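Asker: The structure under discussion is supplied below as structure tokens; questions concerning it will follow.
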Amino acid sequence: MEREKKECILSAAVRAFARFGFKKTSVDQIAKDAGVAKGTVYLAADTKEDLFYQAIHREVRAYTAEIAKLIDPRKPADQLLAEATLAGMQYLEERPLVRDLIFGNHQLILPEWGERLEELRALGRQNCAEIVRLGIRQGVFRDDLDVEELSSILEDMAIATQVFHNRGANREERLRKRLTTAFDLLMNGIRAGLQAHATDAATTADKPVAVKSEPRA
């Protein structure tokens, strides 16, 4: 199939699935919007499920390409993480297919496609992983980090913020404040004076323990 025609079909599929969802979207609708015969759609994808997967894949690639533009190796990686996360959350407002993928909604609809959809989620995290690796090279982050696991944790944090705090007045300001605080906690922890605590603990360990003697009968 010609690449231009397939792109036209996938664009129509993205619009339809984003607007109506998987179950309520028909291949006839997509064909009509793309200006092709229904049979032509099946030259681009074997099934409706396959077409849905390809539409999501297309959106995830666009999403990762857009966020990748923000990765400037001259900036500190911790700053880049916060900027990329906030930009990603704003981007997802206009990309429901990617948002629902990251939130795990597609896996609920098509559990048999769960493994392949999870691969797309991992693709969506690749910018985060790249920023973490950059931070390790910069010396901003520890070099013993599990990059993929950390990227997944950061994604979980962004999802929770998006679900519970992405509404109401001053939304963008609140999101920025919350993410800034979250990243500060992640980078620095919440304990105060760790070195002082360690010194106190060592000093206490060196002191003899006073044993209270029992009075004799």
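To be explicit about the labels: the chains of the structure tokens are called A, B, and onward in the order shown, and within each one the residues are counted from 1, while ligands get numbers from 1 in the order they are shown.
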Lys32 of chain A: which residues within 12 Å, counting only C-alpha atoms, same-chain residues fewer than 3 positions away excluded, as a CSV table (one decimal) with N, CA and C atoms, in the first residue's frame?

Answerer:
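Okay, this is what ended up in around-v3.csv:
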chain,number,residue,atom,x,y,z
A,8,CYS,N,-3.1,8.4,5.6
A,8,CYS,CA,-4.4,9.0,5.6
A,8,CYS,C,-5.4,8.1,6.4
A,9,ILE,N,-5.3,6.8,6.2
A,9,ILE,CA,-6.2,5.9,6.9
A,9,ILE,C,-5.9,6.0,8.4
A,12,ALA,N,-7.2,9.1,10.0
A,12,ALA,CA,-8.7,9.0,10.2
A,12,ALA,C,-9.0,8.1,11.4
A,13,ALA,N,-8.2,7.0,11.5
A,13,ALA,CA,-8.4,6.1,12.6
A,13,ALA,C,-8.1,6.8,13.9
A,16,ALA,N,-11.1,9.0,14.8
A,16,ALA,CA,-12.3,8.3,15.2
A,16,ALA,C,-12.1,7.6,16.5
A,25,THR,N,-16.3,2.9,17.5
A,25,THR,CA,-15.8,3.2,16.2
A,25,THR,C,-15.9,2.1,15.2
A,26,SER,N,-16.4,2.4,14.0
A,26,SER,CA,-16.5,1.3,13.0
A,26,SER,C,-15.5,1.5,11.9
A,27,VAL,N,-15.1,0.5,11.3
A,27,VAL,CA,-14.2,0.6,10.1
A,27,VAL,C,-14.8,1.4,9.0
A,28,ASP,N,-16.2,1.3,8.9
A,28,ASP,CA,-16.9,2.1,7.9
A,28,ASP,C,-16.7,3.6,8.1
A,29,GLN,N,-16.7,4.0,9.3
A,29,GLN,CA,-16.5,5.4,9.7
A,29,GLN,C,-15.1,5.8,9.2
A,35,GLY,N,-11.7,8.6,3.0
A,35,GLY,CA,-12.0,8.7,1.6
A,35,GLY,C,-11.6,7.5,0.8
A,36,VAL,N,-11.6,6.3,1.4
A,36,VAL,CA,-11.3,5.1,0.7
A,36,VAL,C,-12.4,4.0,0.9
A,37,ALA,N,-12.3,3.0,0.2
A,37,ALA,CA,-13.2,1.9,0.4
A,37,ALA,C,-12.9,1.1,1.6
A,38,LYS,N,-13.9,0.4,2.2
A,38,LYS,CA,-13.7,-0.3,3.4
A,38,LYS,C,-12.6,-1.4,3.2
A,39,GLY,N,-12.6,-2.0,2.1
A,39,GLY,CA,-11.6,-3.0,1.8
A,39,GLY,C,-10.2,-2.5,1.8
A,40,THR,N,-10.0,-1.2,1.4
A,40,THR,CA,-8.7,-0.6,1.4
A,40,THR,C,-8.2,-0.5,2.8
A,41,VAL,N,-9.1,-0.2,3.8
A,41,VAL,CA,-8.6,-0.1,5.2
A,41,VAL,C,-8.0,-1.4,5.6

Asker: Counting only C-alpha atoms, which residues of segment 19-104 of chain A fall within 8 Å of segment 133-150 of chain A, and what is the closest atom pair for each with its distance in Å at one decimal, ordered by chain and rising number, as CSV?

Answerer:
residue,atom,partner,partner_atom,distance
A:Pro73,CA,A:Leu134,CA,7.1
A:Pro76,CA,A:Gly135,CA,7.0
A:Ala77,CA,A:Gly135,CA,4.7
A:Asp78,CA,A:Gly135,CA,7.1

Asker: Got time to write the residues from that selection, N, CA and C atoms, as a PDB file, in the first residue's frame?

Answerer:
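selection-v6.pdb, freshly written:
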ATOM      1  N   PRO A  73      21.092  18.739  26.334  1.00  0.00           N
ATOM      2  CA  PRO A  73      22.144  18.212  27.211  1.00  0.00           C
ATOM      3  C   PRO A  73      22.925  19.289  27.948  1.00  0.00           C
ATOM      4  N   PRO A  76      20.764  20.955  33.288  1.00  0.00           N
ATOM      5  CA  PRO A  76      20.826  19.894  34.299  1.00  0.00           C
ATOM      6  C   PRO A  76      19.667  18.924  34.119  1.00  0.00           C
ATOM      7  N   ALA A  77      19.939  17.653  34.293  1.00  0.00           N
ATOM      8  CA  ALA A  77      18.927  16.626  34.032  1.00  0.00           C
ATOM      9  C   ALA A  77      17.733  16.723  34.974  1.00  0.00           C
ATOM     10  N   ASP A  78      17.957  17.143  36.231  1.00  0.00           N
ATOM     11  CA  ASP A  78      16.821  17.252  37.147  1.00  0.00           C
ATOM     12  C   ASP A  78      15.846  18.328  36.686  1.00  0.00           C
TER      13      ASP A  78
END

Asker: Among segment 128-168 of chain A, which residues carry a DSSP assignment of alpha helix (DSSP H), reported as a PyMOL selection string?

Answerer: chain A and resi 128-138+147-165

Asker: Identify, on the basis of only C-alpha atoms, every residue whose closest approach to Ile102 of chain A does not exceed 9 Å; exclude the query and any residue fewer than 3 positions from it along the same chain; express the result as a ChimeraX atom specification.

Answerer: /A:97-99,105-106,118,120-121,124,155,159

Asker: Those selected residues, please, written with N, CA and C atoms and delivered as a PDB file, in the first residue's frame.

Answerer:
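Resulting contents of selection.pdb:
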ATOM      1  N   LEU A  97      -5.573   9.133  23.000  1.00  0.00           N
ATOM      2  CA  LEU A  97      -5.132   7.759  22.764  1.00  0.00           C
ATOM      3  C   LEU A  97      -3.858   7.455  23.548  1.00  0.00           C
ATOM      4  N   VAL A  98      -2.938   8.409  23.588  1.00  0.00           N
ATOM      5  CA  VAL A  98      -1.710   8.217  24.358  1.00  0.00           C
ATOM      6  C   VAL A  98      -2.013   8.275  25.850  1.00  0.00           C
ATOM      7  N   ARG A  99      -2.866   9.208  26.243  1.00  0.00           N
ATOM      8  CA  ARG A  99      -3.228   9.326  27.659  1.00  0.00           C
ATOM      9  C   ARG A  99      -3.841   8.031  28.170  1.00  0.00           C
ATOM     10  N   ASN A 105      -5.877   2.184  30.238  1.00  0.00           N
ATOM     11  CA  ASN A 105      -7.271   1.948  29.845  1.00  0.00           C
ATOM     12  C   ASN A 105      -7.402   1.018  28.643  1.00  0.00           C
ATOM     13  N   HIS A 106      -6.470   1.116  27.707  1.00  0.00           N
ATOM     14  CA  HIS A 106      -6.546   0.263  26.519  1.00  0.00           C
ATOM     15  C   HIS A 106      -6.361  -1.210  26.879  1.00  0.00           C
ATOM     16  N   GLU A 118       1.870  -2.721  26.351  1.00  0.00           N
ATOM     17  CA  GLU A 118       2.867  -2.383  27.361  1.00  0.00           C
ATOM     18  C   GLU A 118       4.178  -1.978  26.696  1.00  0.00           C
ATOM     19  N   LEU A 120       4.338  -0.325  23.975  1.00  0.00           N
ATOM     20  CA  LEU A 120       4.123   1.064  23.572  1.00  0.00           C
ATOM     21  C   LEU A 120       4.268   2.003  24.763  1.00  0.00           C
ATOM     22  N   ARG A 121       3.829   1.560  25.937  1.00  0.00           N
ATOM     23  CA  ARG A 121       4.012   2.373  27.143  1.00  0.00           C
ATOM     24  C   ARG A 121       5.501   2.579  27.412  1.00  0.00           C
ATOM     25  N   GLY A 124       6.854   5.133  25.216  1.00  0.00           N
ATOM     26  CA  GLY A 124       6.503   6.472  25.690  1.00  0.00           C
ATOM     27  C   GLY A 124       7.385   6.956  26.829  1.00  0.00           C
ATOM     28  N   GLU A 155       6.755   7.887  35.828  1.00  0.00           N
ATOM     29  CA  GLU A 155       5.504   7.851  35.074  1.00  0.00           C
ATOM     30  C   GLU A 155       4.320   7.676  36.020  1.00  0.00           C
ATOM     31  N   ILE A 159       1.142  10.177  36.459  1.00  0.00           N
ATOM     32  CA  ILE A 159      -0.234   9.703  36.290  1.00  0.00           C
ATOM     33  C   ILE A 159      -1.084  10.100  37.491  1.00  0.00           C
TER      34      ILE A 159
END

Asker: For each of A:Thr47, A:Ser152, A:Gln54, A:Gln162, take the minimum atom-to-atom distance to Gln90 of chain A, counting only C-alpha atoms, then give the residue where this is smallest.

Answerer: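 Ranked by minimum distance to Gln90 of chain A, first place goes to A:Gln162.
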
Asker: Show me, as a list in words, the residues that have an atom within 12 Å of Lys177 of chain A when counting only C-alpha atoms, minus same-chain residues fewer than 2 positions from it.

Answerer: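 Listing them by chain and then by number gives Ala82, Glu83, Leu86, Thr161, His165, Asn166, Asn170, Arg171, Glu172, Glu173, Arg174, Leu175, Leu179, Thr180, Thr181, Ala182, Phe183 and Asp184 of chain A.
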
Asker: Rounded to one decimal in Å, what is the spacing between atom CA of Glu4 of chain A and atom CA of Glu66 of chain A?

Answerer: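 For atom CA of Glu4 of chain A relative to atom CA of Glu66 of chain A, the distance reads 21.5 Å.
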